[in-house]
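The next block holds one structure in the form of structure tokens; read it before the comments.
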Amino acid sequence: MSARAPYGEETCAAATNGRYRVVERRSFGRYALLTLLAPGVAAVARPGQFVMAAVPGAAFHLRRPLSIHSVQGDRLRLLVEPRGEGTTELAAAGVAETLALAGPLGNGFPLGDVTEALLVGGGIGVAPLQAAADALRARGVPATAAFGFRDAEQARLAGAFEIADLWVATDDGSVGRRATAVELAARVGAGPGTTVLTCGPAPMLAAVRAWAAAAGLSGFASLEAHMACGTGACHGCVVATTEGYLRVCVEGPVFPFDLLAVPAGEEAS
């Protein structure tokens, strides 16, 4: 497998910078699903790509990377966790406000050869899996999702998804099964030829890769990383792979399992 998805680094060239109006905001506990009227981004966005969002206010200088949750026509959806001051501001954006976005960026999930999929997500890492599920459904490809959350509060994220075969687990058993995302995936099961698509914290990605290898399954992992530019210029988000250090924002965020020879998400210092 190659680290480059079919559309490669051309995605940065296709990226646009603009201000886009929020036309809907839905809350799922502390998490926000923002819908923006962004025809230029929506027209070229691929499942697994992301945008760099400018935080309103003069106090914030760096943009924040946000996975593209889904696309519907000329509308773009972003699922935001208020983790720090910047993302808290973004999550609070209201209808009629505008946000400055650059995107779409990065390489997404290469879905062309997928005939059956298992989507495994953990925490806010579930964000890009709706777009993947939508693209697979449009092609008639069956997809099952196994989402793991810390507790009932975090499990509210599941409400932002429209996936017919969606299984949920929490670490404390407060919602769904008492299990991790990987344990849930193993219980749900995957037949031969199933492609695993996963996104979440680094330890979860490492566990998913180990489980998939033992089960004889291949797949792709979308890595989470701190980013300053989102275009590869700063090299602040590199990850060690069998091809050397690659940038999560350009060669990724999606990488084939077998390219990640080190624990998934382990970044170089």
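Starting from 1 in every chain, residues are counted up; chains themselves are A, B, ... following the order of the structure tokens, and ligands are numbered from 1 as listed.
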
ask   = So which residues of range 43-87 of chain A fall under strand (DSSP E or B) by DSSP, listed as a list of chain:residue names?
value = A:Phe50, A:Val51, A:Met52, A:Ala53, A:Arg64, A:Pro65, A:Leu66, A:Ser67, A:Ile68, A:His69, A:Ser70, A:Val71, A:Gln72, A:Arg75, A:Leu76, A:Arg77, A:Leu78, A:Leu79, A:Val80

Resulting file, chosen residues, N, CA and C atoms, as an mmCIF file, in the first residue's frame:
```
data_model
loop_
_atom_site.group_PDB
_atom_site.id
_atom_site.type_symbol
_atom_site.label_atom_id
_atom_site.label_comp_id
_atom_site.auth_asym_id
_atom_site.auth_seq_id
_atom_site.Cartn_x
_atom_site.Cartn_y
_atom_site.Cartn_z
ATOM 1 N N PHE A 50 -9.841 17.406 6.281
ATOM 2 C CA PHE A 50 -10.100 18.332 7.374
ATOM 3 C C PHE A 50 -9.990 19.768 6.882
ATOM 4 N N VAL A 51 -10.376 20.694 7.740
ATOM 5 C CA VAL A 51 -10.205 22.117 7.472
ATOM 6 C C VAL A 51 -9.417 22.727 8.625
ATOM 7 N N MET A 52 -8.789 23.863 8.355
ATOM 8 C CA MET A 52 -8.147 24.658 9.402
ATOM 9 C C MET A 52 -9.059 25.849 9.668
ATOM 10 N N ALA A 53 -9.578 25.937 10.879
ATOM 11 C CA ALA A 53 -10.550 26.969 11.231
ATOM 12 C C ALA A 53 -9.905 28.059 12.070
ATOM 13 N N ARG A 64 -7.275 26.038 14.066
ATOM 14 C CA ARG A 64 -7.483 24.719 14.668
ATOM 15 C C ARG A 64 -7.921 23.726 13.594
ATOM 16 N N PRO A 65 -7.300 22.529 13.560
ATOM 17 C CA PRO A 65 -7.728 21.521 12.589
ATOM 18 C C PRO A 65 -9.027 20.857 13.045
ATOM 19 N N LEU A 66 -9.992 20.757 12.135
ATOM 20 C CA LEU A 66 -11.273 20.122 12.424
ATOM 21 C C LEU A 66 -11.607 19.144 11.306
ATOM 22 N N SER A 67 -11.894 17.913 11.673
ATOM 23 C CA SER A 67 -12.284 16.919 10.683
ATOM 24 C C SER A 67 -13.608 17.305 10.038
ATOM 25 N N ILE A 68 -13.739 17.002 8.764
ATOM 26 C CA ILE A 68 -15.009 17.194 8.086
ATOM 27 C C ILE A 68 -15.928 16.040 8.487
ATOM 28 N N HIS A 69 -16.981 16.375 9.183
ATOM 29 C CA HIS A 69 -17.923 15.368 9.663
ATOM 30 C C HIS A 69 -18.759 14.821 8.517
ATOM 31 N N SER A 70 -19.275 15.700 7.671
ATOM 32 C CA SER A 70 -20.106 15.272 6.552
ATOM 33 C C SER A 70 -20.338 16.445 5.615
ATOM 34 N N VAL A 71 -20.815 16.098 4.430
ATOM 35 C CA VAL A 71 -21.139 17.091 3.401
ATOM 36 C C VAL A 71 -22.526 16.773 2.870
ATOM 37 N N GLN A 72 -23.328 17.795 2.725
ATOM 38 C CA GLN A 72 -24.656 17.618 2.132
ATOM 39 C C GLN A 72 -24.888 18.776 1.181
ATOM 40 N N ARG A 75 -23.353 22.264 1.754
ATOM 41 C CA ARG A 75 -23.184 22.482 3.190
ATOM 42 C C ARG A 75 -22.152 21.528 3.785
ATOM 43 N N LEU A 76 -21.391 22.075 4.688
ATOM 44 C CA LEU A 76 -20.291 21.352 5.334
ATOM 45 C C LEU A 76 -20.585 21.262 6.824
ATOM 46 N N ARG A 77 -20.393 20.079 7.397
ATOM 47 C CA ARG A 77 -20.631 19.922 8.832
ATOM 48 C C ARG A 77 -19.330 19.629 9.560
ATOM 49 N N LEU A 78 -19.170 20.286 10.709
ATOM 50 C CA LEU A 78 -17.983 20.117 11.550
ATOM 51 C C LEU A 78 -18.442 19.771 12.957
ATOM 52 N N LEU A 79 -17.881 18.710 13.524
ATOM 53 C CA LEU A 79 -18.202 18.295 14.886
ATOM 54 C C LEU A 79 -17.081 18.776 15.791
ATOM 55 N N VAL A 80 -17.424 19.635 16.746
ATOM 56 C CA VAL A 80 -16.405 20.340 17.526
ATOM 57 C C VAL A 80 -16.484 19.961 19.002
#
```

task = Just list the residues in range 14-260 of chain A DSSP gives helix (DSSP H, G or I) on the backbone, as number ranges by chain.
result = A: 14, 39-42, 85-91, 123-126, 129-138, 152-160, 181-188, 202-214, 257-259

query = Pick from A:Pro104, A:Ala181, A:Ala93, A:Thr88: nearest to Gly40 in chain A, with only C-alpha atoms counted?
reply = A:Pro104

ask   = How many Å separate CA of Ala45 in chain A from CA of Val208 in chain A?
value =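 Atom-to-atom, CA of Ala45 in chain A and CA of Val208 in chain A are spaced 26.1 Å apart.
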
Minimum-distance residue to Gly18 in chain A, chosen among A:Val95, A:Val196, A:Met227, A:Val41 (using only C-alpha atoms) =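 The closest residue to Gly18 in chain A is A:Val41.
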
ask   = Skipping near chain neighbours, those fewer than 4 positions away, what residues fall within 8 Å of Gly86 in chain A using only C-alpha atoms, listed as an MDAnalysis selection string?
value = chainID A and resid 55 60 64 82 90

Selected residues written out with C-alpha atoms, as an mmCIF file, in the first residue's frame:
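Output (result-v6.cif):
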```cif
data_model
loop_
_atom_site.group_PDB
_atom_site.id
_atom_site.type_symbol
_atom_site.label_atom_id
_atom_site.label_comp_id
_atom_site.auth_asym_id
_atom_site.auth_seq_id
_atom_site.Cartn_x
_atom_site.Cartn_y
_atom_site.Cartn_z
ATOM 1 C CA VAL A 55 -10.740 31.130 15.984
ATOM 2 C CA PHE A 60 -5.975 33.541 18.759
ATOM 3 C CA ARG A 64 -7.483 24.719 14.668
ATOM 4 C CA PRO A 82 -14.592 22.323 23.310
ATOM 5 C CA LEU A 90 -15.445 27.619 17.771
#
```

query = Contacts of Gly230 in chain A at 12 Å or less, counting only C-alpha atoms, minus same-chain residues fewer than 4 places along, as a PyMOL selection string?
reply = chain A and resi 11-12+15+49-54+62-67+101-107+225-226+234-238+247-253

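Closest approach to Ala138 in chain A among A:Gly112, A:Pro256, A:Gly84, A:Gly191: A:Gly112, based on only C-alpha atoms.
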
request  = Can you pull out every residue within 7 Å of range 215-223 of chain A, counting only C-alpha atoms, but drop anything in the same chain fewer than 5 positions away, and send it as a ChimeraX atom specification?
outcome  = /A:193-199,205,248,253-257,265
